[in-house]
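> Have a peek at work02.tsv (TSV, C-alpha atoms and all ligand atoms).
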```tsv
chain	number	residue	atom	x	y	z
A	1	MET	CA	-0.22	-10.10	25.88
A	2	GLU	CA	2.80	-11.15	23.83
A	3	LYS	CA	5.88	-9.04	24.32
A	4	ILE	CA	6.23	-6.33	21.71
A	5	LYS	CA	9.61	-6.56	20.02
A	6	LYS	CA	9.34	-4.34	16.97
A	7	ILE	CA	7.27	-1.22	16.39
A	8	VAL	CA	6.74	0.87	13.27
A	9	LEU	CA	6.19	4.53	14.18
A	10	ALA	CA	4.59	7.21	11.99
A	11	TYR	CA	7.30	9.82	12.36
A	12	SER	CA	7.17	13.48	11.34
A	13	GLY	CA	10.44	14.59	12.89
A	14	GLY	CA	8.69	17.07	15.19
A	15	LEU	CA	8.93	17.20	18.97
A	16	ASP	CA	6.11	14.74	19.74
A	17	THR	CA	7.17	11.93	17.46
A	18	SER	CA	10.85	12.39	18.38
A	19	VAL	CA	10.01	12.01	22.05
A	20	ILE	CA	7.73	9.07	21.24
A	21	LEU	CA	10.52	7.30	19.38
A	22	HIS	CA	12.75	7.42	22.44
A	23	TRP	CA	9.92	6.71	24.87
A	24	LEU	CA	8.87	3.56	22.95
A	25	LYS	CA	12.39	2.20	22.99
A	26	GLU	CA	12.64	2.75	26.73
A	27	LYS	CA	9.20	1.53	27.66
A	28	TYR	CA	9.05	-1.57	25.47
A	29	SER	CA	12.77	-2.28	25.00
A	30	ALA	CA	11.71	-2.83	21.42
A	31	GLN	CA	13.20	-2.03	18.05
A	32	VAL	CA	11.60	1.04	16.55
A	33	ILE	CA	11.38	1.61	12.82
A	34	THR	CA	10.20	5.03	11.70
A	35	PHE	CA	8.11	5.77	8.65
A	36	THR	CA	7.72	9.20	7.13
A	37	ALA	CA	5.57	9.76	4.07
A	38	ASN	CA	6.46	12.49	1.66
A	39	LEU	CA	3.07	14.04	0.95
A	40	GLY	CA	4.43	17.44	0.00
A	41	GLN	CA	4.78	18.78	3.54
A	42	GLY	CA	7.70	20.93	2.39
A	43	GLU	CA	10.17	19.52	4.92
A	44	LEU	CA	13.68	18.32	4.18
A	45	LEU	CA	13.18	14.59	4.24
A	46	GLU	CA	16.87	13.70	4.35
A	47	LYS	CA	17.08	15.69	7.58
A	48	ILE	CA	14.13	13.77	9.03
A	49	LYS	CA	15.81	10.46	8.24
A	50	GLU	CA	19.04	11.62	9.87
A	51	LYS	CA	17.14	12.84	12.90
A	52	ALA	CA	15.26	9.55	13.27
A	53	GLU	CA	18.51	7.63	13.20
A	54	LYS	CA	20.16	10.00	15.69
A	55	THR	CA	17.18	9.60	18.01
A	56	GLY	CA	17.63	5.84	17.97
A	57	ALA	CA	15.52	4.49	15.11
A	58	ASN	CA	16.70	1.04	14.06
A	59	LYS	CA	15.66	1.89	10.53
A	60	ALA	CA	14.04	4.94	8.95
A	61	TYR	CA	11.76	4.72	5.94
A	62	ILE	CA	10.99	7.79	3.86
A	63	ASN	CA	8.57	7.04	1.03
A	64	ASP	CA	7.42	9.48	-1.59
A	65	LEU	CA	3.66	8.89	-1.74
A	66	ARG	CA	2.67	12.13	-3.43
A	67	GLU	CA	1.49	10.52	-6.64
A	68	GLU	CA	-0.54	7.83	-4.88
A	69	PHE	CA	-1.99	10.49	-2.59
A	70	ALA	CA	-2.98	12.68	-5.54
A	71	TYR	CA	-4.54	10.02	-7.76
A	72	ASN	CA	-6.01	7.57	-5.25
A	73	TYR	CA	-7.14	9.84	-2.41
A	74	ILE	CA	-7.35	13.48	-3.49
A	75	LEU	CA	-8.84	12.80	-6.92
A	76	PRO	CA	-11.76	10.63	-5.74
A	77	ALA	CA	-12.56	13.29	-3.12
A	78	LEU	CA	-12.43	16.01	-5.76
A	79	LYS	CA	-14.69	14.06	-8.13
A	80	ALA	CA	-17.09	13.48	-5.27
A	81	GLY	CA	-17.08	17.17	-4.37
A	82	ALA	CA	-16.18	16.25	-0.79
A	83	LEU	CA	-15.99	19.27	1.51
A	84	TYR	CA	-16.58	18.58	5.21
A	85	GLU	CA	-19.34	20.81	6.53
A	86	ASP	CA	-19.31	22.45	3.10
A	87	LYS	CA	-15.93	24.06	3.73
A	88	TYR	CA	-12.95	21.86	4.61
A	89	PRO	CA	-11.32	20.07	1.65
A	90	LEU	CA	-10.02	17.34	4.00
A	91	ALA	CA	-6.26	17.54	3.37
A	92	THR	CA	-5.31	16.10	6.75
A	93	ALA	CA	-8.17	13.62	6.80
A	94	LEU	CA	-7.34	12.19	3.36
A	95	ALA	CA	-3.67	11.69	4.18
A	96	ARG	CA	-4.29	9.55	7.25
A	97	PRO	CA	-5.64	6.38	5.61
A	98	LEU	CA	-2.72	6.38	3.17
A	99	ILE	CA	-0.15	6.79	5.95
A	100	ALA	CA	-1.85	4.10	8.02
A	101	LYS	CA	-1.96	1.69	5.07
A	102	GLU	CA	1.77	2.19	4.52
A	103	LEU	CA	2.49	1.71	8.23
A	104	VAL	CA	0.73	-1.65	8.20
A	105	LYS	CA	2.53	-2.65	5.01
A	106	ILE	CA	5.92	-1.88	6.55
A	107	ALA	CA	4.95	-3.63	9.78
A	108	GLN	CA	4.08	-6.76	7.82
A	109	LYS	CA	7.27	-6.60	5.77
A	110	GLU	CA	9.44	-6.04	8.83
A	111	GLY	CA	7.63	-8.59	10.96
A	112	ALA	CA	6.74	-5.92	13.50
A	113	ASP	CA	4.21	-6.55	16.27
A	114	ALA	CA	2.77	-3.06	16.49
A	115	ILE	CA	2.42	0.34	14.90
A	116	ALA	CA	2.48	3.65	16.75
A	117	HIS	CA	1.37	7.20	16.07
A	118	GLY	CA	1.65	10.60	17.73
A	119	CYS	CA	-2.00	11.69	17.69
A	120	THR	CA	-3.68	13.08	20.76
A	121	GLY	CA	-6.72	11.52	22.38
A	122	LYS	CA	-8.91	14.50	21.50
A	123	GLY	CA	-8.61	14.55	17.75
A	124	ASN	CA	-9.85	12.86	14.62
A	125	ASP	CA	-6.48	11.65	13.41
A	126	GLN	CA	-6.19	8.87	16.02
A	127	VAL	CA	-9.48	7.47	14.77
A	128	ARG	CA	-8.42	7.64	11.13
A	129	PHE	CA	-5.08	5.92	11.78
A	130	GLU	CA	-6.46	3.18	13.93
A	131	VAL	CA	-9.64	2.37	12.03
A	132	THR	CA	-7.67	2.21	8.77
A	133	ALA	CA	-4.95	0.02	10.28
A	134	LYS	CA	-7.55	-2.37	11.67
A	135	ALA	CA	-9.50	-2.37	8.40
A	136	ILE	CA	-6.38	-3.72	6.72
A	137	ASP	CA	-5.12	-5.96	9.52
A	138	PRO	CA	-7.61	-6.51	12.35
A	139	ASP	CA	-4.94	-8.11	14.50
A	140	ILE	CA	-2.42	-5.31	14.39
A	141	GLU	CA	-1.54	-3.75	17.73
A	142	VAL	CA	-1.69	0.05	17.83
A	143	ILE	CA	0.21	2.13	20.37
A	144	ALA	CA	-0.81	5.76	20.95
A	145	PRO	CA	1.76	7.07	23.47
A	146	VAL	CA	0.26	10.58	23.71
A	147	ARG	CA	-2.94	9.05	25.13
A	148	GLN	CA	-1.11	7.24	27.88
A	149	TRP	CA	2.19	8.87	28.73
A	150	GLU	CA	3.12	11.04	31.68
A	151	PHE	CA	3.90	14.35	29.95
A	152	LYS	CA	1.37	17.07	30.52
A	153	SER	CA	2.87	19.86	28.43
A	154	ARG	CA	5.20	20.69	25.64
A	155	GLU	CA	7.68	21.96	28.23
A	156	GLU	CA	7.82	18.56	29.92
A	157	GLU	CA	8.45	16.90	26.57
A	158	ILE	CA	11.25	19.36	25.84
A	159	GLU	CA	12.79	18.63	29.22
A	160	TYR	CA	12.65	14.88	28.53
A	161	ALA	CA	14.21	15.45	25.10
A	162	ARG	CA	17.05	17.47	26.68
A	163	ASP	CA	17.62	14.82	29.36
A	164	LYS	CA	17.79	12.02	26.84
A	165	GLY	CA	19.83	13.88	24.26
A	166	ILE	CA	17.07	13.78	21.64
A	167	PRO	CA	17.95	16.22	18.88
A	168	VAL	CA	15.04	18.66	18.73
A	169	GLU	CA	15.53	22.14	17.39
A	170	ILE	CA	13.79	24.39	19.83
A	171	LYS	CA	12.80	26.94	17.24
A	172	LYS	CA	11.21	30.19	18.24
A	173	SER	CA	8.27	28.23	19.46
A	174	SER	CA	5.24	28.72	17.26
A	175	PRO	CA	1.92	28.71	19.08
A	176	TYR	CA	0.33	26.79	16.20
A	177	SER	CA	-0.05	23.11	15.48
A	178	ILE	CA	0.38	22.69	11.75
A	179	ASP	CA	-0.21	19.73	9.46
A	180	ARG	CA	0.69	20.17	5.81
A	181	ASN	CA	0.50	18.27	2.55
A	182	ILE	CA	-0.11	19.15	-1.12
A	183	TRP	CA	-3.89	19.31	-0.65
A	184	GLY	CA	-3.68	21.90	2.10
A	185	ILE	CA	-2.53	23.04	5.50
A	186	SER	CA	-4.41	22.63	8.79
A	187	ILE	CA	-3.60	25.14	11.49
A	188	GLU	CA	-4.81	24.95	15.09
A	189	CYS	CA	-4.05	26.14	18.63
A	190	GLY	CA	-2.69	29.32	20.19
A	191	PRO	CA	-4.75	32.43	19.46
A	192	LEU	CA	-6.94	30.44	17.04
A	193	GLU	CA	-8.63	28.74	19.98
A	194	ASP	CA	-10.74	31.87	20.46
A	195	PRO	CA	-13.33	31.65	17.66
A	196	TRP	CA	-14.04	35.38	17.91
A	197	GLN	CA	-10.46	36.41	17.26
A	198	GLU	CA	-9.49	36.94	13.63
A	199	PRO	CA	-6.62	34.59	12.70
A	200	PRO	CA	-3.38	36.55	13.09
A	201	GLU	CA	-1.52	37.06	9.83
A	202	ASP	CA	1.35	34.86	11.08
A	203	SER	CA	-0.95	31.86	11.33
A	204	TYR	CA	-1.10	31.70	7.53
A	205	GLN	CA	1.74	29.81	5.91
A	206	ILE	CA	1.26	29.74	2.14
A	207	THR	CA	-1.30	32.38	1.21
A	208	LYS	CA	-0.69	36.06	0.78
A	209	ASP	CA	-2.82	38.51	2.69
A	210	PRO	CA	-5.54	39.29	0.10
A	211	GLN	CA	-5.04	43.00	0.75
A	212	LYS	CA	-1.44	42.66	-0.36
A	213	ALA	CA	-2.16	40.43	-3.33
A	214	PRO	CA	-1.66	41.80	-6.86
A	215	SER	CA	-4.07	44.54	-7.83
A	216	LYS	CA	-4.71	42.90	-11.22
A	217	PRO	CA	-6.59	39.62	-11.52
A	218	THR	CA	-4.87	36.42	-12.68
A	219	TYR	CA	-6.80	34.34	-15.22
A	220	ILE	CA	-6.14	30.64	-15.59
A	221	GLU	CA	-7.75	27.94	-17.71
A	222	ILE	CA	-8.05	24.51	-16.20
A	223	GLU	CA	-8.83	21.51	-18.36
A	224	PHE	CA	-10.56	18.40	-17.00
A	225	LYS	CA	-10.83	14.91	-18.50
A	226	GLU	CA	-13.55	12.75	-16.98
A	227	GLY	CA	-13.40	14.72	-13.75
A	228	CYS	CA	-9.62	14.77	-13.48
A	229	PRO	CA	-7.78	18.07	-13.90
A	230	VAL	CA	-5.10	17.51	-16.54
A	231	ALA	CA	-3.86	20.85	-17.86
A	232	ILE	CA	-3.40	24.50	-16.97
A	233	ASP	CA	-3.39	27.11	-19.74
A	234	GLY	CA	-3.09	24.43	-22.38
A	235	LYS	CA	-0.12	22.67	-20.79
A	236	ASP	CA	-0.46	19.12	-19.46
A	237	TYR	CA	0.74	18.31	-15.95
A	238	ASN	CA	0.54	15.28	-13.74
A	239	LEU	CA	-1.80	15.81	-10.83
A	240	VAL	CA	0.89	16.43	-8.22
A	241	ARG	CA	2.52	19.19	-10.27
A	242	LEU	CA	-0.83	20.66	-11.25
A	243	ILE	CA	-1.83	20.95	-7.60
A	244	GLU	CA	1.53	22.50	-6.69
A	245	ILE	CA	1.13	25.12	-9.42
A	246	LEU	CA	-2.38	26.03	-8.28
A	247	ASN	CA	-1.18	26.31	-4.68
A	248	GLU	CA	1.44	28.80	-5.85
A	249	VAL	CA	-0.75	30.94	-8.09
A	250	GLY	CA	-3.72	30.73	-5.73
A	251	GLY	CA	-1.60	31.53	-2.68
A	252	GLU	CA	-0.05	34.50	-4.49
A	253	ASN	CA	-3.56	35.88	-5.03
A	254	GLY	CA	-4.64	35.30	-1.45
A	255	VAL	CA	-6.99	32.47	-2.44
A	256	GLY	CA	-7.63	29.44	-0.24
A	257	ARG	CA	-8.06	30.69	3.31
A	258	ILE	CA	-10.75	28.95	5.35
A	259	ASP	CA	-11.68	29.89	8.90
A	260	MET	CA	-14.31	27.64	10.46
A	261	VAL	CA	-15.68	26.02	13.57
A	262	GLU	CA	-16.09	22.33	12.89
A	263	ASN	CA	-17.49	19.26	14.59
A	264	ARG	CA	-14.89	16.67	15.46
A	265	LEU	CA	-15.88	13.03	15.57
A	266	VAL	CA	-15.02	12.90	19.28
A	267	GLY	CA	-17.76	15.40	20.04
A	268	ILE	CA	-15.76	18.60	20.35
A	269	LYS	CA	-16.33	21.75	18.33
A	270	SER	CA	-13.03	23.22	17.27
A	271	ARG	CA	-11.88	26.35	15.48
A	272	GLU	CA	-9.80	25.43	12.50
A	273	VAL	CA	-7.91	27.49	10.00
A	274	TYR	CA	-7.00	25.97	6.66
A	275	GLU	CA	-5.12	27.10	3.61
A	276	ALA	CA	-5.94	25.16	0.50
A	277	PRO	CA	-5.56	27.28	-2.65
A	278	ALA	CA	-5.42	24.38	-5.12
A	279	ALA	CA	-8.27	22.52	-3.42
A	280	ILE	CA	-10.52	25.59	-3.46
A	281	ILE	CA	-9.74	26.37	-7.10
A	282	LEU	CA	-10.19	22.77	-8.24
A	283	HIS	CA	-13.38	22.08	-6.29
A	284	ARG	CA	-14.97	25.24	-7.63
A	285	SER	CA	-13.84	24.62	-11.21
A	286	HIS	CA	-14.95	21.00	-11.12
A	287	GLN	CA	-18.33	21.93	-9.76
A	288	TYR	CA	-18.89	24.59	-12.41
A	289	LEU	CA	-17.97	22.12	-15.12
A	290	GLU	CA	-20.50	19.68	-13.68
A	291	ASP	CA	-23.13	22.45	-13.82
A	292	LEU	CA	-22.57	22.52	-17.56
A	293	THR	CA	-22.26	18.79	-18.27
A	294	LEU	CA	-24.49	16.89	-15.83
A	295	ASP	CA	-28.24	16.59	-16.25
A	296	ARG	CA	-30.37	18.28	-13.64
A	297	GLU	CA	-31.41	15.16	-11.71
A	298	THR	CA	-27.86	13.85	-11.35
A	299	LEU	CA	-26.56	17.31	-10.52
A	300	HIS	CA	-29.12	17.79	-7.76
A	301	PHE	CA	-28.58	14.31	-6.34
A	302	LYS	CA	-24.79	14.34	-6.26
A	303	PRO	CA	-24.38	16.78	-3.33
A	304	LEU	CA	-26.11	14.23	-1.08
A	305	ILE	CA	-23.37	11.77	-1.97
A	306	ALA	CA	-20.73	14.50	-1.59
A	307	GLN	CA	-21.81	15.23	1.95
A	308	LYS	CA	-21.77	11.58	2.98
A	309	TYR	CA	-18.47	11.02	1.21
A	310	ALA	CA	-16.89	13.94	3.11
A	311	GLU	CA	-18.23	12.59	6.41
A	312	LEU	CA	-16.76	9.15	5.75
A	313	ILE	CA	-13.35	10.65	5.02
A	314	TYR	CA	-13.53	12.93	8.04
A	315	ASN	CA	-14.65	10.13	10.32
A	316	GLY	CA	-11.91	7.70	9.37
A	317	LEU	CA	-14.01	5.39	7.19
A	318	TRP	CA	-12.08	5.68	3.95
A	319	TYR	CA	-11.72	1.91	3.82
A	320	SER	CA	-15.39	1.09	3.95
A	321	PRO	CA	-17.85	-0.61	1.60
A	322	LEU	CA	-19.98	2.52	1.41
A	323	ARG	CA	-17.08	4.60	0.13
A	324	GLU	CA	-16.42	2.01	-2.58
A	325	ALA	CA	-20.08	1.90	-3.55
A	326	MET	CA	-20.23	5.68	-3.75
A	327	ASP	CA	-17.10	5.66	-5.92
A	328	SER	CA	-18.98	3.55	-8.48
A	329	PHE	CA	-21.78	6.09	-8.60
A	330	ILE	CA	-19.36	9.00	-8.83
A	331	SER	CA	-17.28	7.48	-11.58
A	332	THR	CA	-20.41	6.96	-13.70
A	333	THR	CA	-21.18	10.65	-13.40
A	334	GLN	CA	-17.64	11.74	-14.25
A	335	LYS	CA	-17.72	10.24	-17.77
A	336	TRP	CA	-19.07	13.57	-18.98
A	337	VAL	CA	-17.04	15.98	-16.87
A	338	THR	CA	-14.60	16.86	-19.61
A	339	GLY	CA	-13.89	20.40	-20.68
A	340	LYS	CA	-12.36	23.70	-19.72
A	341	VAL	CA	-13.02	26.24	-17.03
A	342	LYS	CA	-11.77	29.82	-16.97
A	343	VAL	CA	-10.98	31.05	-13.47
A	344	LYS	CA	-10.31	34.56	-12.24
A	345	LEU	CA	-8.19	34.88	-9.09
A	346	PHE	CA	-8.22	38.26	-7.46
A	347	LYS	CA	-7.38	39.40	-3.94
A	348	GLY	CA	-8.64	36.30	-2.18
A	349	SER	CA	-11.53	35.51	-4.50
A	350	CYS	CA	-11.74	32.64	-6.95
A	351	GLN	CA	-14.44	33.08	-9.55
A	352	VAL	CA	-15.33	30.86	-12.46
A	353	VAL	CA	-15.97	33.22	-15.37
A	354	GLY	CA	-16.18	30.78	-18.29
A	355	ARG	CA	-16.77	27.11	-19.06
A	356	LYS	CA	-16.99	24.90	-22.15
A	357	SER	CA	-17.24	21.22	-22.96
A	358	VAL	CA	-17.83	18.84	-25.84
A	359	TYR	CA	-20.50	17.33	-23.59
A	360	SER	CA	-22.04	20.68	-22.70
A	361	LEU	CA	-25.78	20.32	-22.17
A	362	TYR	CA	-26.23	24.04	-22.61
A	363	ASP	CA	-28.27	24.48	-25.79
A	364	MET	CA	-28.01	28.00	-27.12
A	365	LYS	CA	-31.04	27.50	-29.37
A	366	LEU	CA	-33.15	26.75	-26.30
A	367	ALA	CA	-31.61	29.36	-24.01
A	368	THR	CA	-31.46	32.35	-26.33
A	369	TYR	CA	-33.90	35.26	-26.35
A	370	SER	CA	-32.84	36.17	-29.88
A	371	LYS	CA	-34.61	35.17	-33.09
A	372	GLU	CA	-32.67	31.86	-33.20
A	373	ASP	CA	-34.92	30.67	-30.37
A	374	ILE	CA	-36.51	27.26	-31.05
A	375	PHE	CA	-38.21	26.84	-27.65
A	376	ASP	CA	-41.94	26.33	-28.09
A	377	GLN	CA	-43.33	28.88	-25.63
A	378	LYS	CA	-46.94	27.84	-26.31
A	379	SER	CA	-46.34	24.36	-24.89
A	380	SER	CA	-45.43	25.89	-21.51
A	381	SER	CA	-49.05	26.71	-20.76
A	382	GLY	CA	-50.10	23.03	-20.79
A	383	PHE	CA	-47.05	22.14	-18.72
A	384	ILE	CA	-47.86	24.78	-16.10
A	385	HIS	CA	-51.49	23.66	-15.99
A	386	ILE	CA	-50.55	20.08	-15.09
A	387	TRP	CA	-47.62	21.06	-12.84
A	388	GLY	CA	-49.78	23.41	-10.77
A	389	LEU	CA	-52.80	21.09	-10.72
A	390	PRO	CA	-52.29	19.75	-7.16
A	391	ILE	CA	-51.99	23.27	-5.74
A	392	VAL	CA	-54.95	24.60	-7.70
A	393	SER	CA	-57.17	21.69	-6.69
A	394	LEU	CA	-56.08	21.92	-3.02
A	395	THR	CA	-56.86	25.63	-2.93
A	396	ARG	CA	-60.30	25.08	-4.48
A	397	ILE	CA	-61.18	22.29	-2.05
A	398	ARG	CA	-59.97	24.13	1.08
A	399	LYS	CA	-61.63	27.38	0.10
A	400	SER	CA	-64.97	25.58	-0.30
A	401	LYS	CA	-64.92	24.32	3.34
A	501	LIG	N1	-9.34	19.35	12.11
A	501	LIG	C1	-8.68	18.81	10.99
A	501	LIG	C2	-9.06	17.38	10.80
A	501	LIG	O1	-9.52	16.76	11.69
A	501	LIG	C3	-7.21	19.02	11.03
A	501	LIG	C4	-6.41	18.24	12.02
A	501	LIG	C5	-5.08	18.85	12.07
A	501	LIG	N2	-4.09	18.05	12.65
A	501	LIG	C6	-2.97	18.61	13.16
A	501	LIG	N3	-2.06	17.80	13.55
A	501	LIG	N4	-2.80	19.90	13.23
A	501	LIG	O2	-8.90	16.86	9.72
```
Could the structure of this file be written out as structure tokens, please?


Amino acid sequence: MEKIKKIVLAYSGGLDTSVILHWLKEKYSAQVITFTANLGQGELLEKIKEKAEKTGANKAYINDLREEFAYNYILPALKAGALYEDKYPLATALARPLIAKELVKIAQKEGADAIAHGCTGKGNDQVRFEVTAKAIDPDIEVIAPVRQWEFKSREEEIEYARDKGIPVEIKKSSPYSIDRNIWGISIECGPLEDPWQEPPEDSYQITKDPQKAPSKPTYIEIEFKEGCPVAIDGKDYNLVRLIEILNEVGGENGVGRIDMVENRLVGIKSREVYEAPAAIILHRSHQYLEDLTLDRETLHFKPLIAQKYAELIYNGLWYSPLREAMDSFISTTQKWVTGKVKVKLFKGSCQVVGRKSVYSLYDMKLATYSKEDIFDQKSSSGFIHIWGLPIVSLTRIRKSK
């Protein structure tokens, strides 16, 4: 193997990646460049850059990728209706291919030999990073220190950090492992590892306890154009801002909490807690608008695609021909998903209470029971006769035996 001289590290500024930064420099005597994506994790990015440099980074990149994340990753997943195991809106999973793509880009620009990440050997994120990186550059070397280093616990890492003068704030240590971006927060570990125990209130980061949420409902109107949410209450926003607003108003009303046991790609069942107010509100609104605007056959077929789409994202196959092919199908369906949805947020619940569209397939003259009714009820009898024919004939034949 060629000697590794320059490494680009996906750096969050937390304990693990700070220790990794130092460890890589020691172990490989290589230059280490850090890369931190701003995906709306709510951290002070200037501080992260400073910290990277203090820890020995030869260069520290901080790139604001929120817009690209919103339009090129979140939006396709929203249009698809992608919820892993019908629940998880995939915030963490969607961010990984984007971060990995950027890592490879920086590695190429900097002439680096390898990229590195801080994922454990038990999770999905390692798969997503590495498969994406290899999909873009099959020859890129990937280093995953957490899978191979000597530290067995957080305490040992802290001790190493102290020894080596790595600046880590030892905050009142939280028992949780938290990953956050604009599409949602993933919370694991500590008391959450017991699937019977209700998530303690302090595990939630951005949503109010529904019991303490306002005692009056909040109504909002969300407008979609061809499947993309574009306005709230008549005011246009770009997608990043629109998601931020819905996280705030949803969180305030206790909307967006998800508590589930899910199947990781590596074969482990894990208890996961998520907070994703905007994702929950938008998925529900989008789906209800599709109920109004898509024909029955398409509407009934699309969830099959949604399930597969969610699995691909979850399993690290964002950059795959099947995802692209499914995008073509989805974008054909979205031509009609234009209109408005009225949503009621109240103490943790998110209900769609109204919908309208220029492409609405709802025909009042057919649906009504009033005198405006134009549905020809007599023709139903012939329809039922033919529709039920196989059952009627089967029953006759079997009864005669
Ligand atoms: N289970 C989720 C997933 O695989 C979340 C992973 C959370 N990662 C973390 N560093 N806390 O997408």

> Quick one: which chain A residues come within 7 Å of ligand LIG 501 (chain A), and what is the nearest atom pair for each with the distance in Å to one decimal, counting only C-alpha atoms and all ligand atoms, rows ordered by chain and ascending number, as CSV?


```
residue,atom,partner,partner_atom,distance
A:Leu90,CA,A:LIG501,O2,5.8
A:Ala91,CA,A:LIG501,O2,6.9
A:Thr92,CA,A:LIG501,O2,4.7
A:Ala93,CA,A:LIG501,O2,4.4
A:Gly123,CA,A:LIG501,O1,6.5
A:Asn124,CA,A:LIG501,O1,4.9
A:Asp125,CA,A:LIG501,O1,6.2
A:Ser177,CA,A:LIG501,N4,4.8
A:Ile178,CA,A:LIG501,N4,4.5
A:Asp179,CA,A:LIG501,N4,4.6
A:Ser186,CA,A:LIG501,C5,5.0
A:Ile187,CA,A:LIG501,N4,5.6
A:Glu188,CA,A:LIG501,N4,5.7
A:Arg264,CA,A:LIG501,O1,6.6
A:Glu272,CA,A:LIG501,N1,6.1
A:Tyr314,CA,A:LIG501,O2,6.3
```

> From the set A:Pro145, A:Pro229, A:Pro390, A:Pro321, which residue has the shortest atom-to-atom contact distance to Thr17 of chain A, counting all atoms listed in the file?

A:Pro145

> Check the smallest atom-to-atom distance from each of A:Gly256, A:Gly14, A:Pro195, A:Gly348 to Glu157 of chain A using all atoms listed in the file, then report the winner.

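Closest candidate: A:Gly14.
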
> Where's the centre, and what are the edge lengths in Å to one decimal, of a box along x, y and z enclosing all listed atoms of segment 312-315 of chain A padded 5 Å per side, as AutoDock Vina command-line options?


```
--center_x -15.1 --center_y 11.0 --center_z 7.7 --size_x 13.4 --size_y 13.8 --size_z 15.3
```

> Under the rule that only C-alpha atoms are counted, which of A:Ile222, A:Ile166, A:Ala161, A:Val273 is the nearest residue to Leu192 of chain A?

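Nearest to Leu192 of chain A: A:Val273.
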
> Could you list, as a PyMOL selection string, every residue within 10 Å of segment 202-207 of chain A, counting only C-alpha atoms and ignoring same-chain residues fewer than 6 positions away?

chain A and resi 174-178+180+184-192+213+247-257+273-277+348

> Nearest residue to Gly121 of chain A out of A:Ile374, A:Val146, A:Met326, A:Ile220, using all atoms listed in the file?

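Looking at the shortest contact to Gly121 of chain A, the residue is A:Val146.
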
> Using atom CA of Ile258 of chain A and atom CA of Ala310 of chain A as the two end points, give the distance in Å to one decimal.

16.4 Å

> What lies within 8 Å of segment 353-355 of chain A using all atoms listed in the file, ignoring chain neighbours under 2 positions off, as a ChimeraX atom specification?

/A:288-289,292,339-344,351,357

> Which value, in Å to one decimal, gives the distance between atom CA of Tyr319 of chain A and atom CA of Asn72 of chain A?

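Going from atom CA of Tyr319 of chain A over to atom CA of Asn72 of chain A covers 12.1 Å.
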
> Excluding Ala82 of chain A and its own-chain neighbours fewer than 3 positions away, which residues fall within 10 Å of it when counting only C-alpha atoms? Please give them as a list in words.

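Once the adjacent positions are removed, what remains is Ile74, Pro76, Ala77, Leu78, Lys79, Glu85, Asp86, Lys87, Tyr88, Pro89, Leu90, His283, Pro303, Ile305, Ala306, Gln307, Lys308, Tyr309, Ala310, Glu311, Leu312, Ile313 and Tyr314 of chain A.
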
> So that I have them on file, write out the residues from the current selection with C-alpha atoms, as a short mmCIF file (atom, residue, chain, number, x, y, z; two decimals), in the frame of the given file.


```cif
data_model
loop_
_atom_site.label_atom_id
_atom_site.label_comp_id
_atom_site.auth_asym_id
_atom_site.auth_seq_id
_atom_site.Cartn_x
_atom_site.Cartn_y
_atom_site.Cartn_z
CA ILE A 74 -7.35 13.48 -3.49
CA PRO A 76 -11.76 10.63 -5.74
CA ALA A 77 -12.56 13.29 -3.12
CA LEU A 78 -12.43 16.01 -5.76
CA LYS A 79 -14.69 14.06 -8.13
CA GLU A 85 -19.34 20.81 6.53
CA ASP A 86 -19.31 22.45 3.10
CA LYS A 87 -15.93 24.06 3.73
CA TYR A 88 -12.95 21.86 4.61
CA PRO A 89 -11.32 20.07 1.65
CA LEU A 90 -10.02 17.34 4.00
CA HIS A 283 -13.38 22.08 -6.29
CA PRO A 303 -24.38 16.78 -3.33
CA ILE A 305 -23.37 11.77 -1.97
CA ALA A 306 -20.73 14.50 -1.59
CA GLN A 307 -21.81 15.23 1.95
CA LYS A 308 -21.77 11.58 2.98
CA TYR A 309 -18.47 11.02 1.21
CA ALA A 310 -16.89 13.94 3.11
CA GLU A 311 -18.23 12.59 6.41
CA LEU A 312 -16.76 9.15 5.75
CA ILE A 313 -13.35 10.65 5.02
CA TYR A 314 -13.53 12.93 8.04
#
```

> Between atom CA of Val131 of chain A and atom CA of Ile20 of chain A, measure the distance and give it in Å to one decimal.

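Between these atoms lies a distance of 20.8 Å.
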
> Identify the residues around (2.1, 9.7, 1.5) within a radius of 6 Å, measuring from all atoms listed in the file in the coordinates stated by the file, and give them as number ranges by chain.

A: 37-39, 65-66, 69, 99

> Write out as a compact mmCIF listing (two decimals) with C-alpha atoms, keeping the file's coordinate frame which residues come within 12 Å of Lys235 of chain A when counting all atoms listed in the file, dropping same-chain ones fewer than 4 positions away.


```txt
# COMPACT_ATOMS: atom_id res chain seq x y z
CA ILE A 220 -6.14 30.64 -15.59
CA GLU A 221 -7.75 27.94 -17.71
CA ILE A 222 -8.05 24.51 -16.20
CA GLU A 223 -8.83 21.51 -18.36
CA PHE A 224 -10.56 18.40 -17.00
CA PRO A 229 -7.78 18.07 -13.90
CA VAL A 230 -5.10 17.51 -16.54
CA ALA A 231 -3.86 20.85 -17.86
CA ARG A 241 2.52 19.19 -10.27
CA LEU A 242 -0.83 20.66 -11.25
CA ILE A 245 1.13 25.12 -9.42
```
